[in-house]
Amino acid sequence: MARRAAGGSGVKGARRPEVRLPVLEPYGGGELEPDGDYDGLDFREAGFAGQDGSGARFMDCALTGCALDETRLRHARVLDSVLTGVRGVGTDLAEATLRDVELTDARLGGPQLHGAVLERVLVRGGKIDYLNLRTARLRDVVFEGCVLVEPDFGGARLERVEFVDCALKGADFHAATLTDVDLRGAASLEITRGLDRLSGAVISTTQLLDLAPVLAAQWGIRVEG
């Protein structure tokens, strides 16, 4: 099930995930396994630093307070799952699939999601530094109440993506394609590259004024007054 957020000004709202987990079994411990199959499990305060779960599938799972430093999850599939308070530096989720996922209060540094597919994903609260989403595909994704420091959307495709009460600091949209992207709700909006790619996005009048100096510099306009 998914709920569509309200859109405005002709912008289609994102469909938010509504994850309803079954009764979960506690994870029995041990290291992650490449191509492992994890179904209906409760991972609580588990330490997965440096482990390799590439190609693994997580279905109807809850990960709470787990450490993901340098955890390798390339090509992993995270489906109908809730991640709360996960933390780590250099988590590798390149070319992974996240579908119907809620990520709450994450503390991540340099997570690699280039080439990943995100569909019906809610990122709420927390702080993510240097999020790498280059060439990723985002559809029905909501960033809410979080801080994104220098997120890289270079070459990504964003469709029905919303930024609500979150801070974007130094965002890079170089070569990205945006469709029905709503930036109006961003608490702060700082774009360092890719302003020319904002066709297909909507911003507020105040945001336009804030971005004016960057636009003027990009277009070679000298402003004096």
# chains A, B, ... in the order shown; residues from 1 in each chain; ligands from 1
>>> residues_around(residues="Arg197 of chain A", least_positions_apart="4", cutoff="8 Å", atoms="only C-alpha atoms", output="short mmCIF file (atom, residue, chain, number, x, y, z; two decimals) with N, CA, C and O atoms, in the first residue's frame")
data_model
loop_
_atom_site.label_atom_id
_atom_site.label_comp_id
_atom_site.auth_asym_id
_atom_site.auth_seq_id
_atom_site.Cartn_x
_atom_site.Cartn_y
_atom_site.Cartn_z
N PHE A 173 23.02 18.59 -9.23
CA PHE A 173 22.05 18.00 -10.16
C PHE A 173 22.62 17.94 -11.58
O PHE A 173 21.86 17.87 -12.54
N HIS A 174 23.92 17.93 -11.70
CA HIS A 174 24.55 17.93 -13.02
C HIS A 174 24.04 16.75 -13.85
O HIS A 174 24.08 15.60 -13.41
N ALA A 175 23.55 17.04 -15.05
CA ALA A 175 23.10 16.03 -16.02
C ALA A 175 21.92 15.21 -15.52
O ALA A 175 21.60 14.16 -16.08
N ALA A 176 21.24 15.66 -14.45
CA ALA A 176 20.08 14.93 -13.94
C ALA A 176 18.84 15.26 -14.77
O ALA A 176 18.78 16.28 -15.46
N THR A 177 17.84 14.39 -14.68
CA THR A 177 16.55 14.60 -15.33
C THR A 177 15.48 14.62 -14.26
O THR A 177 15.33 13.65 -13.51
N LEU A 178 14.74 15.73 -14.18
CA LEU A 178 13.75 15.92 -13.13
C LEU A 178 12.35 15.99 -13.72
O LEU A 178 12.12 16.73 -14.68
#
>>> residues_around(residues="Glu119 of chain A", least_positions_apart="5", cutoff="10 Å", atoms="only C-alpha atoms", output="PyMOL selection string")
chain A and resi 14-17+79+97-101+137-142+159-161
>>> write_last_selection(atoms="N, CA, C and O atoms", output="PDB file, in the first residue's frame")
ATOM      1  N   ALA A  14       4.302  12.615  -4.635  1.00  0.00           N
ATOM      2  CA  ALA A  14       4.938  11.306  -4.510  1.00  0.00           C
ATOM      3  C   ALA A  14       4.032  10.349  -3.742  1.00  0.00           C
ATOM      4  O   ALA A  14       3.286  10.756  -2.855  1.00  0.00           O
ATOM      5  N   ARG A  15       4.106   9.098  -4.089  1.00  0.00           N
ATOM      6  CA  ARG A  15       3.389   8.054  -3.356  1.00  0.00           C
ATOM      7  C   ARG A  15       4.285   7.563  -2.232  1.00  0.00           C
ATOM      8  O   ARG A  15       5.345   6.982  -2.474  1.00  0.00           O
ATOM      9  N   ARG A  16       3.852   7.783  -1.012  1.00  0.00           N
ATOM     10  CA  ARG A  16       4.664   7.370   0.135  1.00  0.00           C
ATOM     11  C   ARG A  16       4.427   5.896   0.463  1.00  0.00           C
ATOM     12  O   ARG A  16       3.324   5.390   0.298  1.00  0.00           O
ATOM     13  N   PRO A  17       5.467   5.243   0.958  1.00  0.00           N
ATOM     14  CA  PRO A  17       5.282   3.848   1.364  1.00  0.00           C
ATOM     15  C   PRO A  17       4.448   3.770   2.635  1.00  0.00           C
ATOM     16  O   PRO A  17       4.491   4.668   3.477  1.00  0.00           O
ATOM     17  N   LEU A  79      13.144  -4.579   0.512  1.00  0.00           N
ATOM     18  CA  LEU A  79      11.750  -4.497   0.100  1.00  0.00           C
ATOM     19  C   LEU A  79      10.839  -4.501   1.322  1.00  0.00           C
ATOM     20  O   LEU A  79      11.027  -5.297   2.250  1.00  0.00           O
ATOM     21  N   THR A  97      18.361  -2.075  -4.933  1.00  0.00           N
ATOM     22  CA  THR A  97      16.959  -1.724  -5.126  1.00  0.00           C
ATOM     23  C   THR A  97      16.311  -1.528  -3.773  1.00  0.00           C
ATOM     24  O   THR A  97      16.363  -2.414  -2.915  1.00  0.00           O
ATOM     25  N   LEU A  98      15.704  -0.347  -3.554  1.00  0.00           N
ATOM     26  CA  LEU A  98      14.945  -0.068  -2.345  1.00  0.00           C
ATOM     27  C   LEU A  98      13.516   0.237  -2.778  1.00  0.00           C
ATOM     28  O   LEU A  98      13.271   1.208  -3.490  1.00  0.00           O
ATOM     29  N   ARG A  99      12.588  -0.611  -2.348  1.00  0.00           N
ATOM     30  CA  ARG A  99      11.189  -0.437  -2.743  1.00  0.00           C
ATOM     31  C   ARG A  99      10.297  -0.579  -1.520  1.00  0.00           C
ATOM     32  O   ARG A  99      10.410  -1.545  -0.776  1.00  0.00           O
ATOM     33  N   ASP A 100       9.428   0.404  -1.310  1.00  0.00           N
ATOM     34  CA  ASP A 100       8.556   0.444  -0.137  1.00  0.00           C
ATOM     35  C   ASP A 100       9.404   0.335   1.132  1.00  0.00           C
ATOM     36  O   ASP A 100       9.314  -0.620   1.908  1.00  0.00           O
ATOM     37  N   VAL A 101      10.230   1.370   1.324  1.00  0.00           N
ATOM     38  CA  VAL A 101      11.191   1.411   2.438  1.00  0.00           C
ATOM     39  C   VAL A 101      11.037   2.721   3.194  1.00  0.00           C
ATOM     40  O   VAL A 101      10.874   3.784   2.590  1.00  0.00           O
ATOM     41  N   ARG A 137      17.917   5.966 -10.104  1.00  0.00           N
ATOM     42  CA  ARG A 137      16.550   6.243 -10.521  1.00  0.00           C
ATOM     43  C   ARG A 137      15.680   6.348  -9.279  1.00  0.00           C
ATOM     44  O   ARG A 137      15.575   5.387  -8.511  1.00  0.00           O
ATOM     45  N   LEU A 138      15.086   7.510  -9.075  1.00  0.00           N
ATOM     46  CA  LEU A 138      14.244   7.768  -7.920  1.00  0.00           C
ATOM     47  C   LEU A 138      12.824   8.041  -8.398  1.00  0.00           C
ATOM     48  O   LEU A 138      12.594   8.940  -9.214  1.00  0.00           O
ATOM     49  N   ARG A 139      11.896   7.267  -7.887  1.00  0.00           N
ATOM     50  CA  ARG A 139      10.493   7.455  -8.244  1.00  0.00           C
ATOM     51  C   ARG A 139       9.650   7.337  -6.983  1.00  0.00           C
ATOM     52  O   ARG A 139       9.759   6.360  -6.249  1.00  0.00           O
ATOM     53  N   ASP A 140       8.837   8.346  -6.730  1.00  0.00           N
ATOM     54  CA  ASP A 140       8.017   8.388  -5.516  1.00  0.00           C
ATOM     55  C   ASP A 140       8.903   8.303  -4.276  1.00  0.00           C
ATOM     56  O   ASP A 140       8.811   7.377  -3.459  1.00  0.00           O
ATOM     57  N   VAL A 141       9.787   9.293  -4.145  1.00  0.00           N
ATOM     58  CA  VAL A 141      10.720   9.367  -3.012  1.00  0.00           C
ATOM     59  C   VAL A 141      10.481  10.681  -2.278  1.00  0.00           C
ATOM     60  O   VAL A 141      10.340  11.739  -2.906  1.00  0.00           O
ATOM     61  N   VAL A 142      10.433  10.624  -0.953  1.00  0.00           N
ATOM     62  CA  VAL A 142      10.234  11.814  -0.131  1.00  0.00           C
ATOM     63  C   VAL A 142      11.384  11.933   0.860  1.00  0.00           C
ATOM     64  O   VAL A 142      11.680  10.989   1.599  1.00  0.00           O
ATOM     65  N   GLU A 159      11.690  11.309 -10.464  1.00  0.00           N
ATOM     66  CA  GLU A 159      10.295  11.447 -10.853  1.00  0.00           C
ATOM     67  C   GLU A 159       9.419  11.378  -9.599  1.00  0.00           C
ATOM     68  O   GLU A 159       9.502  10.431  -8.832  1.00  0.00           O
ATOM     69  N   ARG A 160       8.602  12.398  -9.434  1.00  0.00           N
ATOM     70  CA  ARG A 160       7.756  12.519  -8.245  1.00  0.00           C
ATOM     71  C   ARG A 160       8.608  12.382  -6.978  1.00  0.00           C
ATOM     72  O   ARG A 160       8.459  11.446  -6.184  1.00  0.00           O
ATOM     73  N   VAL A 161       9.484  13.343  -6.796  1.00  0.00           N
ATOM     74  CA  VAL A 161      10.364  13.395  -5.623  1.00  0.00           C
ATOM     75  C   VAL A 161      10.066  14.684  -4.873  1.00  0.00           C
ATOM     76  O   VAL A 161       9.964  15.752  -5.480  1.00  0.00           O
TER      77      VAL A 161
END
>>> residues_around(residues="segment 189-191 of chain A", least_positions_apart="6", cutoff="7 Å", atoms="only C-alpha atoms", output="JSON, numbers by chain")
{"A": [167, 168, 169, 170, 171, 172, 207]}
>>> closest_residue(among="A:Leu63, A:Val19, A:Leu103, A:Leu41", to="Cys146 of chain A", atoms="only C-alpha atoms")
A:Leu103
>>> residues_around(residues="Glu95 of chain A", least_positions_apart="4", cutoff="10 Å", atoms="only C-alpha atoms", output="mmCIF file with N, CA and C atoms, in the first residue's frame")
data_model
loop_
_atom_site.group_PDB
_atom_site.id
_atom_site.type_symbol
_atom_site.label_atom_id
_atom_site.label_comp_id
_atom_site.auth_asym_id
_atom_site.auth_seq_id
_atom_site.Cartn_x
_atom_site.Cartn_y
_atom_site.Cartn_z
ATOM 1 N N GLY A 55 24.143 -8.533 -3.052
ATOM 2 C CA GLY A 55 23.128 -9.350 -3.687
ATOM 3 C C GLY A 55 22.101 -9.932 -2.744
ATOM 4 N N LEU A 73 26.777 -3.944 0.274
ATOM 5 C CA LEU A 73 25.424 -4.383 -0.060
ATOM 6 C C LEU A 73 25.108 -4.077 -1.528
ATOM 7 N N ARG A 74 26.114 -4.169 -2.365
ATOM 8 C CA ARG A 74 25.900 -3.918 -3.788
ATOM 9 C C ARG A 74 24.865 -4.900 -4.338
ATOM 10 N N HIS A 75 23.992 -4.379 -5.182
ATOM 11 C CA HIS A 75 22.947 -5.189 -5.826
ATOM 12 C C HIS A 75 21.960 -5.795 -4.830
ATOM 13 N N ALA A 76 21.988 -5.359 -3.580
ATOM 14 C CA ALA A 76 21.027 -5.872 -2.604
ATOM 15 C C ALA A 76 19.626 -5.373 -2.936
ATOM 16 N N ARG A 77 18.620 -6.083 -2.420
ATOM 17 C CA ARG A 77 17.229 -5.678 -2.568
ATOM 18 C C ARG A 77 16.617 -5.523 -1.183
ATOM 19 N N GLN A 112 27.077 4.947 -0.735
ATOM 20 C CA GLN A 112 27.158 4.798 -2.187
ATOM 21 C C GLN A 112 25.884 4.153 -2.706
ATOM 22 N N LEU A 113 25.057 4.933 -3.401
ATOM 23 C CA LEU A 113 23.849 4.412 -4.026
ATOM 24 C C LEU A 113 23.837 4.729 -5.517
ATOM 25 N N HIS A 114 25.016 4.870 -6.112
ATOM 26 C CA HIS A 114 25.040 5.183 -7.542
ATOM 27 C C HIS A 114 24.473 4.003 -8.330
ATOM 28 N N GLY A 115 23.642 4.341 -9.295
ATOM 29 C CA GLY A 115 23.008 3.312 -10.096
ATOM 30 C C GLY A 115 21.892 2.565 -9.393
ATOM 31 N N ALA A 116 21.522 3.000 -8.185
ATOM 32 C CA ALA A 116 20.477 2.316 -7.421
ATOM 33 C C ALA A 116 19.088 2.697 -7.937
ATOM 34 N N VAL A 117 18.100 1.893 -7.555
ATOM 35 C CA VAL A 117 16.703 2.166 -7.883
ATOM 36 C C VAL A 117 15.944 2.352 -6.578
ATOM 37 N N LEU A 118 15.334 3.527 -6.391
ATOM 38 C CA LEU A 118 14.546 3.824 -5.203
ATOM 39 C C LEU A 118 13.107 4.093 -5.637
ATOM 40 N N LEU A 133 24.125 9.480 -5.322
ATOM 41 C CA LEU A 133 23.018 8.926 -6.087
ATOM 42 C C LEU A 133 23.241 9.126 -7.590
ATOM 43 N N THR A 135 23.481 8.651 -11.334
ATOM 44 C CA THR A 135 22.826 7.754 -12.296
ATOM 45 C C THR A 135 21.768 6.860 -11.651
ATOM 46 N N ALA A 136 21.333 7.187 -10.444
ATOM 47 C CA ALA A 136 20.278 6.409 -9.797
ATOM 48 C C ALA A 136 18.921 6.794 -10.385
ATOM 49 N N ARG A 137 17.917 5.966 -10.104
ATOM 50 C CA ARG A 137 16.550 6.243 -10.521
ATOM 51 C C ARG A 137 15.680 6.348 -9.279
#
>>> residues_around(residues="Gly10 of chain A", least_positions_apart="4", cutoff="12 Å", atoms="only C-alpha atoms", output="list in words")
Ala6, Arg160, Thr179, Asp180, Val181, Asp182, Gly200, Ala201 and Val202 of chain A
>>> atom_distance(atom1="atom CA of Asn132 of chain A", atom2="atom CA of Gly155 of chain A")
11.0 Å
>>> closest_residue(among="A:Gly47, A:Asp105, A:Gly13, A:Glu70", to="Gly29 of chain A", atoms="only C-alpha atoms")
A:Gly47
>>> residues_around(residues="Asp39 of chain A", least_positions_apart="3", cutoff="9 Å", atoms="only C-alpha atoms", output="list in words")
Leu24, Arg57, Phe58, Met59, Asp60 and Cys61 of chain A
>>> closest_residue(among="A:Gly154, A:Gly65, A:Gly125, A:Gly185", to="Val86 of chain A", atoms="only C-alpha atoms")
A:Gly65
>>> select_by_dssp(residues="segment 10-62 of chain A", states="strand (DSSP E or B)", output="ChimeraX atom specification")
/A:15-17,25-26,37-39,41-44,47,52,57-59,62
>>> residues_around(residues="Phe43 of chain A", least_positions_apart="6", cutoff="7 Å", atoms="only C-alpha atoms", output="list in words")
Pro26, Tyr27, Ala62, Leu63 and Thr64 of chain A
>>> write_last_selection(atoms="all heavy atoms", output="mmCIF file, in the first residue's frame")
data_model
loop_
_atom_site.group_PDB
_atom_site.id
_atom_site.type_symbol
_atom_site.label_atom_id
_atom_site.label_comp_id
_atom_site.auth_asym_id
_atom_site.auth_seq_id
_atom_site.Cartn_x
_atom_site.Cartn_y
_atom_site.Cartn_z
ATOM 1 N N PRO A 26 13.503 -12.518 15.794
ATOM 2 C CA PRO A 26 14.814 -11.912 16.062
ATOM 3 C C PRO A 26 15.881 -12.542 15.178
ATOM 4 O O PRO A 26 15.893 -13.754 14.952
ATOM 5 C CB PRO A 26 15.062 -12.233 17.543
ATOM 6 C CG PRO A 26 13.710 -12.523 18.105
ATOM 7 C CD PRO A 26 12.931 -13.153 16.989
ATOM 8 N N TYR A 27 16.770 -11.685 14.681
ATOM 9 C CA TYR A 27 17.886 -12.187 13.873
ATOM 10 C C TYR A 27 18.803 -13.017 14.757
ATOM 11 O O TYR A 27 19.177 -12.618 15.853
ATOM 12 C CB TYR A 27 18.640 -11.012 13.268
ATOM 13 C CG TYR A 27 19.841 -11.393 12.446
ATOM 14 C CD1 TYR A 27 19.712 -12.254 11.361
ATOM 15 C CD2 TYR A 27 21.107 -10.906 12.771
ATOM 16 C CE1 TYR A 27 20.814 -12.609 10.602
ATOM 17 C CE2 TYR A 27 22.211 -11.250 12.014
ATOM 18 C CZ TYR A 27 22.064 -12.099 10.937
ATOM 19 O OH TYR A 27 23.164 -12.458 10.188
ATOM 20 N N ALA A 62 13.052 -5.341 9.751
ATOM 21 C CA ALA A 62 13.291 -4.119 10.513
ATOM 22 C C ALA A 62 14.753 -4.107 10.942
ATOM 23 O O ALA A 62 15.228 -5.076 11.545
ATOM 24 C CB ALA A 62 12.385 -4.046 11.728
ATOM 25 N N LEU A 63 15.462 -3.031 10.602
ATOM 26 C CA LEU A 63 16.840 -2.853 11.039
ATOM 27 C C LEU A 63 16.862 -1.636 11.950
ATOM 28 O O LEU A 63 16.546 -0.519 11.506
ATOM 29 C CB LEU A 63 17.785 -2.647 9.851
ATOM 30 C CG LEU A 63 18.157 -3.889 9.026
ATOM 31 C CD1 LEU A 63 17.027 -4.271 8.079
ATOM 32 C CD2 LEU A 63 19.433 -3.621 8.212
ATOM 33 N N THR A 64 17.200 -1.850 13.205
ATOM 34 C CA THR A 64 17.154 -0.780 14.191
ATOM 35 C C THR A 64 18.518 -0.623 14.853
ATOM 36 O O THR A 64 19.049 -1.575 15.430
ATOM 37 C CB THR A 64 16.089 -1.090 15.271
ATOM 38 O OG1 THR A 64 14.826 -1.320 14.650
ATOM 39 C CG2 THR A 64 15.968 0.074 16.250
#
>>> closest_residue(among="A:Glu162, A:Glu102, A:Asp42, A:Asp92", to="Ala186 of chain A", atoms="only C-alpha atoms")
A:Glu162
>>> atom_distance(atom1="atom CA of Phe48 of chain A", atom2="atom CA of Thr71 of chain A")
6.3 Å
>>> atom_distance(atom1="atom CA of Asp129 of chain A", atom2="atom CA of Gly53 of chain A")
22.4 Å
>>> closest_residue(among="A:Glu33, A:Asp165, A:Asp80, A:Asp152", to="Gly194 of chain A", atoms="only C-alpha atoms")
A:Asp152
>>> select_by_dssp(residues="segment 6-224 of chain A", states="alpha helix (DSSP H)", output="mmCIF file with C-alpha atoms, in the first residue's frame")
data_model
loop_
_atom_site.group_PDB
_atom_site.id
_atom_site.type_symbol
_atom_site.label_atom_id
_atom_site.label_comp_id
_atom_site.auth_asym_id
_atom_site.auth_seq_id
_atom_site.Cartn_x
_atom_site.Cartn_y
_atom_site.Cartn_z
ATOM 1 C CA THR A 205 9.686 32.632 -5.199
ATOM 2 C CA THR A 206 11.883 32.965 -2.112
ATOM 3 C CA GLN A 207 14.081 30.085 -3.271
ATOM 4 C CA LEU A 208 14.419 31.680 -6.688
ATOM 5 C CA LEU A 209 15.696 34.873 -5.061
ATOM 6 C CA ASP A 210 18.132 32.872 -2.927
ATOM 7 C CA LEU A 211 19.471 31.119 -6.026
ATOM 8 C CA ALA A 212 19.737 34.331 -8.039
ATOM 9 C CA PRO A 213 23.466 34.949 -7.315
ATOM 10 C CA VAL A 214 24.372 31.434 -8.480
ATOM 11 C CA LEU A 215 22.205 31.837 -11.586
ATOM 12 C CA ALA A 216 23.805 35.187 -12.366
ATOM 13 C CA ALA A 217 27.305 33.732 -12.014
ATOM 14 C CA GLN A 218 26.404 30.792 -14.223
#
